[in-house]
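Asks: Take this structure, written in structure tokens, and hold onto it; I'll ask about it next.
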Amino acid sequence: MVVAGLSTVVEWYDFTLYLYFSTVLARVFFGAGPQSMTETLGGFAVAYLMRPVGALVFGHFGDRLGRRITMLGSMALMTAAMLATAMLPTYAQIGPLAGVLLIALRCLMSFSVGGEYTGVVAYLLEGAKDSRRGLITSCASAASEIGALLAAGAAVLAIWAVPEDALISWGWRLPFLFGAALAGLVLVTRATLQETPEFLRQRDAGTVPEKPIQHSLTRHRGAIARGFAISALGSITYYVGITYVPAFLDATGTMPEIRALSISLLAALTVIFVTPLIGLASDRFGRRPILMTLAVAGILLPPGMFVVMAGGGAATWVGAVVLAALGGAVSAVGAVATAEQFPGEGRLSGLALGATTATAIFGGLAPLVAHLLVTNSGWAPAPGAMIACVALCVISVFWHMPETAPACARR
């Protein structure tokens with residue numbers, strides 16, 4: 001379980017580096033034109049659509065052959081994609097083709113992440129005690145944020161330490177090479193993983209589904225819808241309320257690039273601190289009450305926090321911390337709540353159909369939509385209004401969903 005959690009650190013370092021490094025990648029791969037940032041975020045959105053496809057493919061094999069093989073395959077693919085990204089030619093060398101190649105590799109990485117996160121969540125859930133499922137599974141969210149923290153730190157270090165000309169020429173490659181080396185190391189250690197007790201039970205009992213996707217679609221449509229709703233709120237609070245913030249501050253002229261990335265470091269630390277607390281709370285009070293509380297907070301807080309951040313000064317840091325705490329809390333309880341919607345049979349496929357599909361829509365597309373709204377309208381609360389709208393739409397789902405925390409469900 002420790003190896004699985006640590007592996008997520010590398011996965012999310014590799015994946016979120018693109019967003020935290022987006023202002024640099026825009027200049028390196030899409031030129032210095034006014035549309036370069038829009039093209040960069042658009043590439044992220046296009047690539048993110050491959051995430052549910054990867055989740056379905058890896059989920060099929062994970063439900064048929066075991067969680068371990070899925071986690072090995074996804075990490076191997078991610079290692080190769082990260083190394084290839086570090087070797088890419090730039091816009092100055094081959095023109096627009098550079099951006100096309102970058103997006104193609106992002107699609108490959110997104111495909112691998114689709115199988116990676118659902119595999120890790122299932123692995124942690126199925127290896128945890130019933131009374132500590134929330135805490136243990138929330139470690140996937142905490143570990144992912146440690147990876148995001150490393151990504152933000154690497155981006156800040158590269159921008160601060162390498163002169164502008166050198167950064168555009170070759171310095172941008174260093175964070176990607178570091179990520180590829182970490183991924184290769186984790187791939188070797190991940191080979192020591194054992195299969196989960198839940199999958200071994202299915203295999204011994206002969207209940208492993210032959211067609212996991214069909215199994216989930218025919219027997220667990222309600223669970224798929226609930227997983228979609230949970231992940232929709234988790235995705236938009238994370239990708240708009242946390243990872244988009246540096247680009248928001250840059251677009252509104254609130255902060256220069258390196259200071260905006262420094263806020264990302266504080267946001268990552270906030271998420272790491274909040275995540276286990278919310279995991280524990282969900283074990284004590286249940287998933288449903290925590291999700292209801294967070295949905296109400298998602299309606300009330302984000303629009304005002306984006307206004308606060310756009311005002312500059314110390315209030316910018318306060319707004320970023322509040323949004324990070326909200327996004328981290330939803331991700332913490334969402335990890336266990338989505339996985340618990342399904343029985344062990346077909347769990348990865350069910351997560352792919354519900355949670356991962358929502359992430360592709362509300363995670364991949366949301367930063368681009370938020371950026372277009374801010375730059376075209378100049379309305380600072382627009383990203384926060386997006387979060388509030390999603391929270392308002394899903395709160396009724398949370399109100400009617402059954403409790404899945406084992407101890408709380410028996411009360």
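We name chains A, B, ... following the order of the structure tokens; residues begin at 1 in each chain, and ligands are numbered from 1 as shown.
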Determine which residues of segment 226-311 of chain A DSSP labels as alpha helix (DSSP H) from the backbone of this structure, then write them out as a PyMOL selection string.
Replies: chain A and resi 226-238+245-251+257-285+287-300+302-310
Asks: Can you check which parts of segment 194-246 of chain A lie within 6 Å of segment 351-373 of chain A? Per residue, the shortest pair of atoms and distance in Å to one decimal, counting only C-alpha atoms, sorted by chain and number, as CSV.
Replies:
residue,atom,partner,partner_atom,distance
A:Ile224,CA,A:Gly354,CA,4.5
A:Gly227,CA,A:Ala355,CA,4.9
A:Phe228,CA,A:Gly354,CA,4.3
A:Ser231,CA,A:Ala355,CA,5.0
A:Ala232,CA,A:Ala358,CA,5.1
A:Ser235,CA,A:Gly363,CA,4.9
A:Ile236,CA,A:Phe362,CA,5.2
A:Tyr239,CA,A:Gly363,CA,5.5
A:Val240,CA,A:Pro367,CA,5.6
A:Tyr244,CA,A:Pro367,CA,5.8
Asks: Generate the output file for the selected residues, C-alpha atoms, as a CSV table (one decimal), in the first residue's frame.
Replies:
chain,number,residue,atom,x,y,z
A,224,ILE,CA,-22.1,5.3,-12.1
A,227,GLY,CA,-19.7,8.6,-9.0
A,228,PHE,CA,-20.0,11.1,-11.9
A,231,SER,CA,-16.1,13.4,-9.3
A,232,ALA,CA,-17.6,16.4,-11.1
A,235,SER,CA,-12.6,17.8,-10.5
A,236,ILE,CA,-13.8,21.4,-10.9
A,239,TYR,CA,-8.6,22.0,-11.6
A,240,VAL,CA,-10.3,25.4,-11.5
A,244,TYR,CA,-5.8,27.1,-12.8
Asks: Choose the residue, out of A:Gln93, A:Thr218, A:Thr16, A:Thr8, that has the smallest atom-to-atom separation from Phe29 of chain A; count only C-alpha atoms.
Replies: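 The shortest atom-to-atom distance to Phe29 of chain A comes from A:Gln93.
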Asks: From the list A:Gly73, A:Pro402, A:Gly327, A:Gly33, which residue is nearest Gly241 of chain A when using only C-alpha atoms?
Replies: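 Between A:Gly73, A:Pro402, A:Gly327, A:Gly33, the residue approaching Gly241 of chain A most closely is A:Gly327.
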Asks: Quick one: of A:Gly298, A:Ala332, A:Pro343, A:Val186, who's nearest to Thr207 of chain A, counting only C-alpha atoms?
Replies: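 Selected residue with least distance to Thr207 of chain A: A:Pro343.
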Asks: Taking only C-alpha atoms into account, name the residue in A:Met71, A:Val390, A:Val10, A:Leu261 that is nearest to Thr192 of chain A.
Replies: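 Of A:Met71, A:Val390, A:Val10, A:Leu261, the one nearest Thr192 of chain A is A:Met71, counting only C-alpha atoms.
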